[in-house]
Amino acid sequence: MKLNNFLNNKNITQDVIDLDRRGFINKFLEGTVAGSLFVVVPMGAGDIFHELAEDHEKNLLAMNPDAKYVFIVDITQCIGCGSCCVADKKENNVPDGQYRTWVERYVIDMLENVYVDSPNGGLNGFNEQRTDIENEIRDSFFVPKLCNHCEDAPCIQVCPVGATFTTPDGFVIVDGTHCVGCGYCLQACPYGVRFINEKTHTADKCTWCYHRVRKGKLPACVNACPTGARKFGDANDRNSEVSKILHSPAILTVLKKDLGTAPALFYIGKREEVV
Amino acid sequence: MDIAEFLFPNDTHPHWTLMIVIYPYITGLVAGAFIVSSTYHVFKVEALKPVARFSLIFAFAFFAFATAPLLTHLGHPERALNMLFTPNFSGPSMMAGFGYIYLTYGLLLIFEILFVYRIPMIEMLENKNTPKWRVLIYKILTLGSRDKSPDSYHMDHKVAVFLGGLGIPLASMLHGYVGFIFGGVKAVSWWFTPLMPVIFLLSASVSGIAGIILLYVLIKKWTKTHLDMMTVRALVKLLWTFLIFDFVLEMLEIGVHAYGGTEHWHHIHELLSGPLFYTFWIGQVLILTAIPFVVLGFLTLLKFSDRVVLTLGMISSLMLVFQVLFMRWNVVVGGQILAKSERGFLEYHPLWFEKEGILTTIIILSAPFIFLWILGKIFPLWNDDDNYEIKHQNDHFDNKIHIKHEKNDLIDTKSIN
């Protein structure tokens, strides 16, 4: 029923959160049942996994090419807890030392000196204060970073084999089975969000959790954010939170606008010091 | 306002390292050497005739290893052919064109070599002293042809001129597009300039000509055979010409950038006065460009003895071969150590024994020389190694000039020594 509501309204926020609770319980039960069967009938375990995989496919929603998905980061809401980074790492099995998303801490002193750091990509939060700043601090804030899913993505332009592409519903995705690992996309991305995955030796980056979105869920980081600093949804859906923000007087900016990449990642409260 | 250093967590080390430094270096040598060959074949600069064949074989030896650094670099070299099977032409990706341009150019180079060497190969095939393995190779490479008539010679010549002419734009494309790979990346301000393909092309010519001078003189001295000073002098002039355009454009590019003084220039300025100061200003510009520039200018404009031309020409060529390698380093590595966070620089120090380290680089850069030596066993590198061309001088429109050169200007290496 909730799923139908979701399809009809495309209201991706509250419905999806509710759906996610149910999903969690379902998955938990599935996991428990599958796990116990695994112990009881080890020879047939392969079939169980196969069935589960089929079930996975059944849950996929139809692609919505009319949607314009956007991601909004509200810098004024971010507390630098790092929950998003933890959720992302677990969801996407990101290797240590590589980051699909990270959080930067900006500290500006009274003399306008800007200090930026992101220890371990903000994965452990920011528990320790910077001790190297001598002057009185004027201001401090956190800036979460992730893939901008640009409309004119330079990474797609340069990929020699077409392993990186835009899905009909607007996500910039890497086909890890086709990527040759040349690293040209790493050079072309102005935001440094791409990396060569040390396990797969192919280009990797944030997908806005496309695999979750296609099941009606929110990206893992959005789901995990305790303050609502990360928002995701369909800008063409008038009822969505992102659409309301986009149509509000809030000042929305993008990163490195002059490069003409047309990012679909917007920031609220981004200062000029943020690159 | 101070800018404290901060790097994006994924952007902490250059991803394109020594392999991508030597890849444009190798293709540059290919393009440059081909230009030398075509200067004779197409533009009829007779003084370059003694190195015309050698330049072709030189180009082929390096061409054969142009993909070696790329394959070493790729995360999945077994998928390399995806570039041919599923090229991204909708971007379009400059890198996707590589396979096609590289293969087309390779075919052209092979055909050019086969036509230039057809008659010499038939002669060697018919020579009873030729070892059997070479006879077999010649049988395959001549495709069964045994025709040595003047008509067939002229036909070969015509085809070689046509292919040489076609090869100039193709060699320029092969290397110009390498410059495009860098020049089209707007995320890296040190790369993003429309002049990049032009600068790459000109520096490629410089490295190719310098390489030909070096090997021509060294091989001729080593084998104590006939060294044509007219050729060396002509190559020195050609080298200086290309160096003028190369150097001037490179400096103009930086000059215009600096004059514009945009935000991007401030980052480039920090790069050039910081981590790249020694390799760019001191190494590439001051020592390895300015000195050969002046020396080659003097050698071209004033009269000097053969010994002086030979010694200074060799030293300048050696410096320029390294200048272009420095240029590749400064572009490829320099662009990447400019942090995308716009707050500081990345660090890169090549190691000896890593996958894309110094040892691998030395091996890949040595391989073309070994291959050249093997090719030299099959294809005589020098025109005076066989007599066929001299026999047919009467049919050739330019025989007078050639004979004049032979009488007046050919100097034995022994007399120079």
# chains A, B, ... in the order shown; residues from 1 in each chain; ligands from 1
call {"tool": "closest_atom_pairs", "arguments": {"of": "chain B", "to": "chain A", "cutoff": "10 Å", "atoms": "only C-alpha atoms", "output": "CSV"}}
result
residue,atom,partner,partner_atom,distance
B:Met1,CA,A:Asn113,CA,5.4
B:Asp2,CA,A:Asn113,CA,5.5
B:Ile3,CA,A:Val114,CA,6.2
B:Ala4,CA,A:Tyr115,CA,5.6
B:Glu5,CA,A:Val116,CA,7.5
B:Phe6,CA,A:Val116,CA,5.9
B:Leu7,CA,A:Asp117,CA,8.1
B:Phe8,CA,A:Gly192,CA,6.4
B:Pro9,CA,A:Gly121,CA,6.2
B:Asn10,CA,A:Gln98,CA,6.0
B:Asp11,CA,A:Gly192,CA,5.8
B:Thr12,CA,A:Gly192,CA,9.6
B:Pro14,CA,A:Gln187,CA,9.1
B:His15,CA,A:Gly183,CA,6.9
B:Trp16,CA,A:Gly183,CA,7.5
B:Leu70,CA,A:Cys182,CA,8.2
B:Leu71,CA,A:Cys182,CA,9.1
B:His73,CA,A:Cys182,CA,7.1
B:Leu74,CA,A:Cys182,CA,5.0
B:Gly75,CA,A:Gly181,CA,4.2
B:His76,CA,A:Val180,CA,4.9
B:Pro77,CA,A:Val180,CA,6.7
B:Glu78,CA,A:Val180,CA,8.1
B:Arg79,CA,A:Val180,CA,5.6
B:Ala80,CA,A:Val180,CA,6.3
B:Leu81,CA,A:Val161,CA,9.0
B:Asn82,CA,A:Val161,CA,5.8
B:Met83,CA,A:Val161,CA,5.1
B:Leu84,CA,A:Val161,CA,8.1
B:Phe85,CA,A:Val161,CA,8.1
B:Thr86,CA,A:Val161,CA,5.4
B:Pro87,CA,A:Val161,CA,4.8
B:Asn88,CA,A:Gly162,CA,4.9
B:Phe89,CA,A:Pro160,CA,8.2
B:Ser90,CA,A:Gln157,CA,7.6
B:Gly91,CA,A:Gln157,CA,4.0
B:Pro92,CA,A:Gln157,CA,5.9
B:Ser93,CA,A:Val158,CA,4.3
B:Met94,CA,A:Val158,CA,6.7
B:Met95,CA,A:Pro160,CA,5.2
B:Ala96,CA,A:Pro160,CA,4.3
B:Gly97,CA,A:Pro160,CA,8.0
B:Phe98,CA,A:Pro160,CA,9.0
B:Gly99,CA,A:Pro160,CA,10.0
B:Ile181,CA,A:Val158,CA,8.6
B:Phe182,CA,A:Gln187,CA,9.1
B:Gly184,CA,A:Ala188,CA,8.8
B:Val185,CA,A:Ala188,CA,5.5
B:Lys186,CA,A:Ala188,CA,7.0
B:Ala187,CA,A:Pro190,CA,4.5
B:Val188,CA,A:Gln187,CA,7.4
B:Gly335,CA,A:Gln187,CA,9.3
B:Gln336,CA,A:Gln187,CA,7.7
B:Ala339,CA,A:Gly192,CA,9.1
B:Lys340,CA,A:Pro190,CA,6.4
B:Ser341,CA,A:Val275,CA,6.1
B:Glu342,CA,A:Val275,CA,7.2
B:Arg343,CA,A:Val116,CA,8.9
call {"tool": "closest_atom_pairs", "arguments": {"of": "range 179-269 of chain A", "to": "range 62-75 of chain A", "cutoff": "8 Å", "atoms": "only C-alpha atoms", "output": "JSON lines"}}
result
{"residue": "A:Arg214", "atom": "CA", "partner": "A:Met63", "partner_atom": "CA", "distance": 7.1}
{"residue": "A:Gly228", "atom": "CA", "partner": "A:Asp74", "partner_atom": "CA", "distance": 7.8}
{"residue": "A:Ala229", "atom": "CA", "partner": "A:Asp74", "partner_atom": "CA", "distance": 4.7}
{"residue": "A:Arg230", "atom": "CA", "partner": "A:Val73", "partner_atom": "CA", "distance": 4.7}
{"residue": "A:Lys231", "atom": "CA", "partner": "A:Ile72", "partner_atom": "CA", "distance": 5.0}
{"residue": "A:Phe232", "atom": "CA", "partner": "A:Phe71", "partner_atom": "CA", "distance": 4.6}
{"residue": "A:Gly233", "atom": "CA", "partner": "A:Tyr69", "partner_atom": "CA", "distance": 5.4}
{"residue": "A:Asp234", "atom": "CA", "partner": "A:Tyr69", "partner_atom": "CA", "distance": 4.3}
{"residue": "A:Ala235", "atom": "CA", "partner": "A:Lys68", "partner_atom": "CA", "distance": 5.3}
{"residue": "A:Asn236", "atom": "CA", "partner": "A:Lys68", "partner_atom": "CA", "distance": 5.8}
{"residue": "A:Asp237", "atom": "CA", "partner": "A:Ala67", "partner_atom": "CA", "distance": 7.5}
{"residue": "A:Val242", "atom": "CA", "partner": "A:Ile72", "partner_atom": "CA", "distance": 7.0}
{"residue": "A:Ala264", "atom": "CA", "partner": "A:Val70", "partner_atom": "CA", "distance": 5.1}
{"residue": "A:Leu265", "atom": "CA", "partner": "A:Phe71", "partner_atom": "CA", "distance": 4.7}
{"residue": "A:Phe266", "atom": "CA", "partner": "A:Ile72", "partner_atom": "CA", "distance": 4.7}
{"residue": "A:Tyr267", "atom": "CA", "partner": "A:Val73", "partner_atom": "CA", "distance": 4.8}
{"residue": "A:Ile268", "atom": "CA", "partner": "A:Asp74", "partner_atom": "CA", "distance": 4.6}
{"residue": "A:Gly269", "atom": "CA", "partner": "A:Ile75", "partner_atom": "CA", "distance": 5.5}
call {"tool": "write_last_selection", "arguments": {"atoms": "all heavy atoms", "output": "short mmCIF file (atom, residue, chain, number, x, y, z; two decimals), in the first residue's frame"}}
result
data_model
loop_
_atom_site.label_atom_id
_atom_site.label_comp_id
_atom_site.auth_asym_id
_atom_site.auth_seq_id
_atom_site.Cartn_x
_atom_site.Cartn_y
_atom_site.Cartn_z
N ARG A 214 16.14 3.33 -6.47
CA ARG A 214 15.28 2.54 -7.37
C ARG A 214 14.38 1.58 -6.61
O ARG A 214 13.49 0.96 -7.18
CB ARG A 214 16.15 1.77 -8.37
CG ARG A 214 16.67 2.61 -9.52
CD ARG A 214 15.58 3.07 -10.46
NE ARG A 214 14.84 1.97 -11.08
CZ ARG A 214 15.28 1.26 -12.09
NH1 ARG A 214 16.46 1.52 -12.62
NH2 ARG A 214 14.56 0.27 -12.59
N GLY A 228 18.91 16.44 9.25
CA GLY A 228 18.28 16.84 8.00
C GLY A 228 19.14 17.76 7.16
O GLY A 228 18.63 18.51 6.33
N ALA A 229 20.45 17.70 7.37
CA ALA A 229 21.34 18.54 6.57
C ALA A 229 21.44 18.03 5.14
O ALA A 229 21.79 18.77 4.23
CB ALA A 229 22.73 18.57 7.20
N ARG A 230 21.18 16.75 4.95
CA ARG A 230 21.22 16.16 3.61
C ARG A 230 19.80 15.86 3.16
O ARG A 230 19.07 15.16 3.85
CB ARG A 230 22.05 14.87 3.61
CG ARG A 230 23.54 15.09 3.80
CD ARG A 230 24.25 13.75 3.86
NE ARG A 230 25.69 13.91 4.01
CZ ARG A 230 26.58 13.50 3.10
NH1 ARG A 230 26.18 12.94 1.98
NH2 ARG A 230 27.88 13.65 3.32
N LYS A 231 19.42 16.42 2.05
CA LYS A 231 18.06 16.23 1.53
C LYS A 231 18.14 15.73 0.10
O LYS A 231 18.99 16.16 -0.67
CB LYS A 231 17.30 17.54 1.58
CG LYS A 231 17.21 18.15 2.96
CD LYS A 231 16.74 19.58 2.87
CE LYS A 231 17.12 20.37 4.12
NZ LYS A 231 16.58 19.84 5.36
N PHE A 232 17.22 14.84 -0.23
CA PHE A 232 17.24 14.26 -1.56
C PHE A 232 15.82 14.07 -2.06
O PHE A 232 14.92 13.75 -1.28
CB PHE A 232 17.95 12.89 -1.52
CG PHE A 232 17.92 12.16 -2.83
CD1 PHE A 232 18.83 12.44 -3.83
CD2 PHE A 232 16.96 11.17 -3.05
CE1 PHE A 232 18.80 11.76 -5.03
CE2 PHE A 232 16.91 10.49 -4.26
CZ PHE A 232 17.83 10.79 -5.26
N GLY A 233 15.59 14.29 -3.33
CA GLY A 233 14.25 14.04 -3.86
C GLY A 233 14.11 14.53 -5.29
O GLY A 233 15.08 14.92 -5.94
N ASP A 234 12.87 14.49 -5.74
CA ASP A 234 12.55 14.84 -7.13
C ASP A 234 12.11 16.30 -7.18
O ASP A 234 11.06 16.66 -6.64
CB ASP A 234 11.44 13.89 -7.61
CG ASP A 234 10.95 14.26 -9.01
OD1 ASP A 234 11.59 15.11 -9.66
OD2 ASP A 234 9.92 13.69 -9.43
N ALA A 235 12.89 17.11 -7.88
CA ALA A 235 12.57 18.54 -7.95
C ALA A 235 11.30 18.78 -8.76
O ALA A 235 10.64 19.82 -8.60
CB ALA A 235 13.75 19.29 -8.56
N ASN A 236 10.93 17.84 -9.63
CA ASN A 236 9.72 18.02 -10.43
C ASN A 236 8.46 17.64 -9.67
O ASN A 236 7.35 17.84 -10.16
CB ASN A 236 9.82 17.17 -11.71
CG ASN A 236 10.79 17.79 -12.70
OD1 ASN A 236 11.15 18.95 -12.57
ND2 ASN A 236 11.23 16.99 -13.67
N ASP A 237 8.64 17.04 -8.52
CA ASP A 237 7.49 16.70 -7.68
C ASP A 237 7.23 17.87 -6.74
O ASP A 237 7.99 18.12 -5.81
CB ASP A 237 7.80 15.42 -6.91
CG ASP A 237 6.73 15.11 -5.88
OD1 ASP A 237 5.67 15.78 -5.90
OD2 ASP A 237 6.97 14.20 -5.05
N VAL A 242 12.62 18.87 -1.46
CA VAL A 242 13.62 19.57 -2.27
C VAL A 242 12.97 20.58 -3.20
O VAL A 242 13.49 21.68 -3.42
CB VAL A 242 14.50 18.58 -3.08
CG1 VAL A 242 15.42 17.80 -2.18
CG2 VAL A 242 13.69 17.68 -3.97
N ALA A 264 23.83 18.87 -9.89
CA ALA A 264 22.50 18.67 -9.31
C ALA A 264 22.60 18.60 -7.80
O ALA A 264 21.67 18.19 -7.13
CB ALA A 264 21.87 17.40 -9.87
N LEU A 265 23.77 18.95 -7.28
CA LEU A 265 23.98 19.03 -5.83
C LEU A 265 24.02 20.51 -5.46
O LEU A 265 24.85 21.27 -5.96
CB LEU A 265 25.30 18.36 -5.46
CG LEU A 265 25.89 18.65 -4.08
CD1 LEU A 265 24.98 18.14 -2.97
CD2 LEU A 265 27.27 18.03 -3.93
N PHE A 266 23.07 20.91 -4.60
CA PHE A 266 22.97 22.32 -4.21
C PHE A 266 23.33 22.47 -2.74
O PHE A 266 23.14 21.54 -1.95
CB PHE A 266 21.55 22.84 -4.46
CG PHE A 266 21.16 22.84 -5.91
CD1 PHE A 266 20.56 21.72 -6.48
CD2 PHE A 266 21.39 23.94 -6.71
CE1 PHE A 266 20.20 21.71 -7.82
CE2 PHE A 266 21.03 23.94 -8.05
CZ PHE A 266 20.43 22.82 -8.61
N TYR A 267 23.81 23.64 -2.42
CA TYR A 267 24.16 23.93 -1.02
C TYR A 267 23.34 25.10 -0.51
O TYR A 267 23.14 26.09 -1.21
CB TYR A 267 25.65 24.26 -0.90
CG TYR A 267 26.54 23.04 -0.98
CD1 TYR A 267 27.04 22.60 -2.19
CD2 TYR A 267 26.87 22.33 0.17
CE1 TYR A 267 27.84 21.48 -2.27
CE2 TYR A 267 27.67 21.20 0.10
CZ TYR A 267 28.16 20.77 -1.12
OH TYR A 267 28.94 19.66 -1.19
N ILE A 268 22.89 24.96 0.73
CA ILE A 268 22.29 26.11 1.42
C ILE A 268 23.34 26.62 2.40
O ILE A 268 23.92 25.83 3.14
CB ILE A 268 21.02 25.68 2.21
CG1 ILE A 268 19.97 25.12 1.26
CG2 ILE A 268 20.46 26.86 3.01
CD1 ILE A 268 18.76 24.53 1.97
N GLY A 269 23.59 27.90 2.36
CA GLY A 269 24.52 28.50 3.32
C GLY A 269 25.98 28.26 2.99
O GLY A 269 26.82 28.25 3.89
#
call {"tool": "residues_around", "arguments": {"residues": "Ser37 in chain B", "least_positions_apart": "5", "cutoff": "9 Å", "atoms": "only C-alpha atoms", "output": "PDB file with C-alpha atoms, in the first residue's frame"}}
result
ATOM      1  CA  GLY B  32      58.857  14.075 -34.707  1.00  0.00           C
ATOM      2  CA  VAL B  42      57.321  15.032 -49.410  1.00  0.00           C
ATOM      3  CA  LEU B  48      67.723  14.884 -45.187  1.00  0.00           C
ATOM      4  CA  LYS B  49      67.817  11.933 -47.566  1.00  0.00           C
ATOM      5  CA  VAL B  51      68.224   9.895 -42.527  1.00  0.00           C
ATOM      6  CA  ALA B  52      64.883   9.558 -44.327  1.00  0.00           C
ATOM      7  CA  ARG B  53      64.728   5.778 -44.053  1.00  0.00           C
ATOM      8  CA  PHE B  54      66.228   5.700 -40.595  1.00  0.00           C
ATOM      9  CA  SER B  55      63.598   8.164 -39.364  1.00  0.00           C
ATOM     10  CA  LEU B  56      60.854   5.843 -40.556  1.00  0.00           C
ATOM     11  CA  GLY B 164      54.370  10.564 -46.426  1.00  0.00           C
TER      12      GLY B 164
END
call {"tool": "residues_around", "arguments": {"residues": "Ile113 in chain B", "least_positions_apart": "6", "cutoff": "10 Å", "atoms": "only C-alpha atoms", "output": "compact mmCIF listing (two decimals) with C-alpha atoms, in the first residue's frame"}}
result
# COMPACT_ATOMS: atom_id res chain seq x y z
CA ARG B 53 64.73 5.78 -44.05
CA LEU B 56 60.85 5.84 -40.56
CA ILE B 57 62.30 2.83 -38.78
CA PHE B 60 58.17 2.53 -36.04
CA LEU B 107 49.12 1.00 -40.87
CA LEU B 141 57.24 -8.46 -46.54
CA ALA B 160 55.81 6.74 -50.54
CA LEU B 163 51.75 8.16 -47.77
CA PHE B 379 65.81 -3.06 -42.75
call {"tool": "atom_distance", "arguments": {"atom1": "CA of Leu375 in chain B", "atom2": "CA of Ile168 in chain B"}}
result
22.7 Å
call {"tool": "closest_residue", "arguments": {"among": "B:Lys224, B:Arg118, B:His267, B:His13", "to": "Met155 in chain B", "atoms": "only C-alpha atoms"}}
result
B:Arg118
call {"tool": "closest_residue", "arguments": {"among": "B:Met121, B:Val309, B:Thr289, B:Pro69", "to": "Met230 in chain B", "atoms": "only C-alpha atoms"}}
result
B:Val309
call {"tool": "atom_distance", "arguments": {"atom1": "CA of Arg134 in chain B", "atom2": "CA of Trp382 in chain B"}}
result
17.5 Å
call {"tool": "closest_residue", "arguments": {"among": "A:Glu273, A:Phe141, A:Asp258, A:Leu123", "to": "His264 in chain B", "atoms": "only C-alpha atoms"}}
result
A:Asp258
call {"tool": "residues_around", "arguments": {"residues": "His269 in chain B", "least_positions_apart": "4", "cutoff": "8 Å", "atoms": "only C-alpha atoms", "output": "VMD selection string"}}
result
chain B and resid 258 265 273
call {"tool": "write_last_selection", "arguments": {"atoms": "all heavy atoms", "output": "short mmCIF file (atom, residue, chain, number, x, y, z; two decimals), in the first residue's frame"}}
result
data_model
loop_
_atom_site.label_atom_id
_atom_site.label_comp_id
_atom_site.auth_asym_id
_atom_site.auth_seq_id
_atom_site.Cartn_x
_atom_site.Cartn_y
_atom_site.Cartn_z
N ALA B 258 49.31 34.92 -17.33
CA ALA B 258 49.73 35.82 -16.25
C ALA B 258 49.11 37.20 -16.42
O ALA B 258 48.68 37.83 -15.46
CB ALA B 258 51.26 35.92 -16.24
N TRP B 265 45.09 31.72 -12.71
CA TRP B 265 46.49 32.08 -12.83
C TRP B 265 47.17 32.09 -11.47
O TRP B 265 48.32 31.68 -11.33
CB TRP B 265 46.68 33.41 -13.53
CG TRP B 265 48.09 33.91 -13.31
CD1 TRP B 265 48.49 34.94 -12.53
CD2 TRP B 265 49.29 33.31 -13.84
NE1 TRP B 265 49.85 35.04 -12.53
CE2 TRP B 265 50.37 34.04 -13.33
CE3 TRP B 265 49.54 32.23 -14.67
CZ2 TRP B 265 51.70 33.74 -13.64
CZ3 TRP B 265 50.86 31.92 -14.99
CH2 TRP B 265 51.92 32.67 -14.47
N SER B 273 55.98 28.87 -9.04
CA SER B 273 56.99 29.43 -8.15
C SER B 273 57.22 28.51 -6.95
O SER B 273 58.14 28.72 -6.17
CB SER B 273 56.56 30.83 -7.68
OG SER B 273 55.29 30.74 -7.08
#
call {"tool": "closest_residue", "arguments": {"among": "B:Thr231, B:Gln284, B:Leu103, B:Pro380", "to": "Glu123 in chain B", "atoms": "only C-alpha atoms"}}
result
B:Pro380
call {"tool": "closest_residue", "arguments": {"among": "B:Ile268, B:Tyr138, B:Gly165, B:Met19", "to": "Phe43 in chain B", "atoms": "only C-alpha atoms"}}
result
B:Gly165
call {"tool": "atom_distance", "arguments": {"atom1": "CA of Leu108 in chain B", "atom2": "CA of Ile26 in chain B"}}
result
17.8 Å
call {"tool": "select_by_dssp", "arguments": {"residues": "range 219-363 of chain B", "states": "helix (DSSP H, G or I)", "output": "PyMOL selection string"}}
result
chain B and resi 219-222+229-260+263-273+277-301+306-337+358-363
call {"tool": "closest_residue", "arguments": {"among": "B:His154, B:Ile212, B:Thr279, B:Val116", "to": "Thr142 in chain B", "atoms": "only C-alpha atoms"}}
result
B:Val116
call {"tool": "select_by_dssp", "arguments": {"residues": "range 37-252 of chain A", "states": "strand (DSSP E or B)", "output": "ChimeraX atom specification"}}
result
/A:69-74,102-109,114-117,137-145,164-166,172-174,195-196,203-204,230-234,252
call {"tool": "write_last_selection", "arguments": {"atoms": "N, CA and C atoms", "output": "short mmCIF file (atom, residue, chain, number, x, y, z; two decimals), in the first residue's frame"}}
result
data_model
loop_
_atom_site.label_atom_id
_atom_site.label_comp_id
_atom_site.auth_asym_id
_atom_site.auth_seq_id
_atom_site.Cartn_x
_atom_site.Cartn_y
_atom_site.Cartn_z
N TYR A 69 16.05 14.46 -10.13
CA TYR A 69 16.53 14.25 -8.77
C TYR A 69 17.58 15.29 -8.41
N VAL A 70 17.45 15.85 -7.26
CA VAL A 70 18.47 16.79 -6.78
C VAL A 70 18.85 16.43 -5.35
N PHE A 71 20.02 16.87 -4.99
CA PHE A 71 20.53 16.65 -3.64
C PHE A 71 20.79 18.03 -3.06
N ILE A 72 20.29 18.26 -1.86
CA ILE A 72 20.53 19.57 -1.24
C ILE A 72 21.25 19.35 0.10
N VAL A 73 22.35 20.04 0.27
CA VAL A 73 23.07 19.98 1.53
C VAL A 73 22.89 21.32 2.23
N ASP A 74 22.35 21.26 3.44
CA ASP A 74 22.16 22.48 4.23
C ASP A 74 23.32 22.58 5.21
N TRP A 102 32.42 12.78 2.09
CA TRP A 102 33.23 13.18 3.24
C TRP A 102 32.69 14.49 3.77
N VAL A 103 33.16 14.85 4.96
CA VAL A 103 32.73 16.11 5.56
C VAL A 103 33.97 16.95 5.85
N GLU A 104 33.93 18.20 5.45
CA GLU A 104 35.05 19.11 5.70
C GLU A 104 34.69 20.05 6.84
N ARG A 105 35.68 20.36 7.65
CA ARG A 105 35.46 21.34 8.73
C ARG A 105 36.18 22.63 8.35
N TYR A 106 35.45 23.69 8.31
CA TYR A 106 36.02 25.01 8.02
C TYR A 106 36.09 25.81 9.32
N VAL A 107 37.25 26.39 9.55
CA VAL A 107 37.41 27.28 10.69
C VAL A 107 37.99 28.59 10.18
N ILE A 108 37.33 29.70 10.50
CA ILE A 108 37.83 30.99 10.04
C ILE A 108 38.14 31.84 11.27
N ASP A 109 39.35 32.40 11.30
CA ASP A 109 39.69 33.20 12.47
C ASP A 109 39.41 34.69 12.20
N VAL A 114 41.62 30.98 6.74
CA VAL A 114 40.69 29.86 6.62
C VAL A 114 41.45 28.55 6.85
N TYR A 115 40.95 27.75 7.76
CA TYR A 115 41.58 26.46 8.03
C TYR A 115 40.56 25.37 7.69
N VAL A 116 40.99 24.44 6.86
CA VAL A 116 40.08 23.36 6.47
C VAL A 116 40.73 22.03 6.81
N ASP A 117 39.96 21.12 7.34
CA ASP A 117 40.47 19.76 7.49
C ASP A 117 39.32 18.77 7.40
N ILE A 137 38.78 32.59 17.08
CA ILE A 137 38.01 32.01 15.97
C ILE A 137 36.72 32.80 15.76
N ARG A 138 36.50 33.14 14.51
CA ARG A 138 35.30 33.90 14.17
C ARG A 138 34.13 32.97 13.89
N ASP A 139 34.44 31.88 13.19
CA ASP A 139 33.35 31.09 12.63
C ASP A 139 33.82 29.67 12.34
N SER A 140 32.91 28.76 12.42
CA SER A 140 33.26 27.38 12.08
C SER A 140 32.02 26.67 11.55
N PHE A 141 32.21 25.84 10.57
CA PHE A 141 31.07 25.11 10.00
C PHE A 141 31.55 23.86 9.27
N PHE A 142 30.61 22.99 8.99
CA PHE A 142 30.94 21.72 8.32
C PHE A 142 30.33 21.69 6.93
N VAL A 143 31.08 21.13 6.00
CA VAL A 143 30.58 21.04 4.62
C VAL A 143 30.65 19.59 4.13
N PRO A 144 29.52 18.91 4.04
CA PRO A 144 29.52 17.56 3.46
C PRO A 144 29.74 17.64 1.95
N LYS A 145 30.53 16.71 1.44
CA LYS A 145 30.81 16.67 -0.01
C LYS A 145 30.45 15.28 -0.54
N THR A 164 31.17 5.28 -17.87
CA THR A 164 30.44 6.22 -17.03
C THR A 164 29.36 6.85 -17.89
N PHE A 165 28.15 6.87 -17.36
CA PHE A 165 27.04 7.37 -18.17
C PHE A 165 25.96 7.94 -17.26
N THR A 166 25.03 8.66 -17.88
CA THR A 166 23.89 9.17 -17.12
C THR A 166 22.72 8.22 -17.35
N VAL A 172 24.52 9.82 -12.45
CA VAL A 172 25.81 9.54 -13.09
C VAL A 172 26.39 8.29 -12.44
N ILE A 173 26.53 7.25 -13.25
CA ILE A 173 26.86 5.93 -12.72
C ILE A 173 28.12 5.40 -13.42
N VAL A 174 28.88 4.57 -12.71
CA VAL A 174 30.04 3.91 -13.32
C VAL A 174 29.73 2.42 -13.47
N PHE A 195 37.55 8.10 -7.36
CA PHE A 195 38.78 7.43 -6.99
C PHE A 195 38.84 6.09 -7.71
N ILE A 196 40.03 5.54 -7.82
CA ILE A 196 40.16 4.19 -8.37
C ILE A 196 40.07 3.25 -7.19
N ALA A 203 37.12 2.85 -11.68
CA ALA A 203 36.67 4.13 -11.13
C ALA A 203 35.45 3.91 -10.25
N ASP A 204 35.38 4.67 -9.18
CA ASP A 204 34.29 4.50 -8.22
C ASP A 204 33.91 5.89 -7.72
N ARG A 230 21.18 16.75 4.95
CA ARG A 230 21.22 16.16 3.61
C ARG A 230 19.80 15.86 3.16
N LYS A 231 19.42 16.42 2.05
CA LYS A 231 18.06 16.23 1.53
C LYS A 231 18.14 15.73 0.10
N PHE A 232 17.22 14.84 -0.23
CA PHE A 232 17.24 14.26 -1.56
C PHE A 232 15.82 14.07 -2.06
N GLY A 233 15.59 14.29 -3.33
CA GLY A 233 14.25 14.04 -3.86
C GLY A 233 14.11 14.53 -5.29
N ASP A 234 12.87 14.49 -5.74
CA ASP A 234 12.55 14.84 -7.13
C ASP A 234 12.11 16.30 -7.18
N LEU A 252 20.49 29.12 -2.86
CA LEU A 252 21.11 27.84 -3.20
C LEU A 252 22.28 28.10 -4.14
#
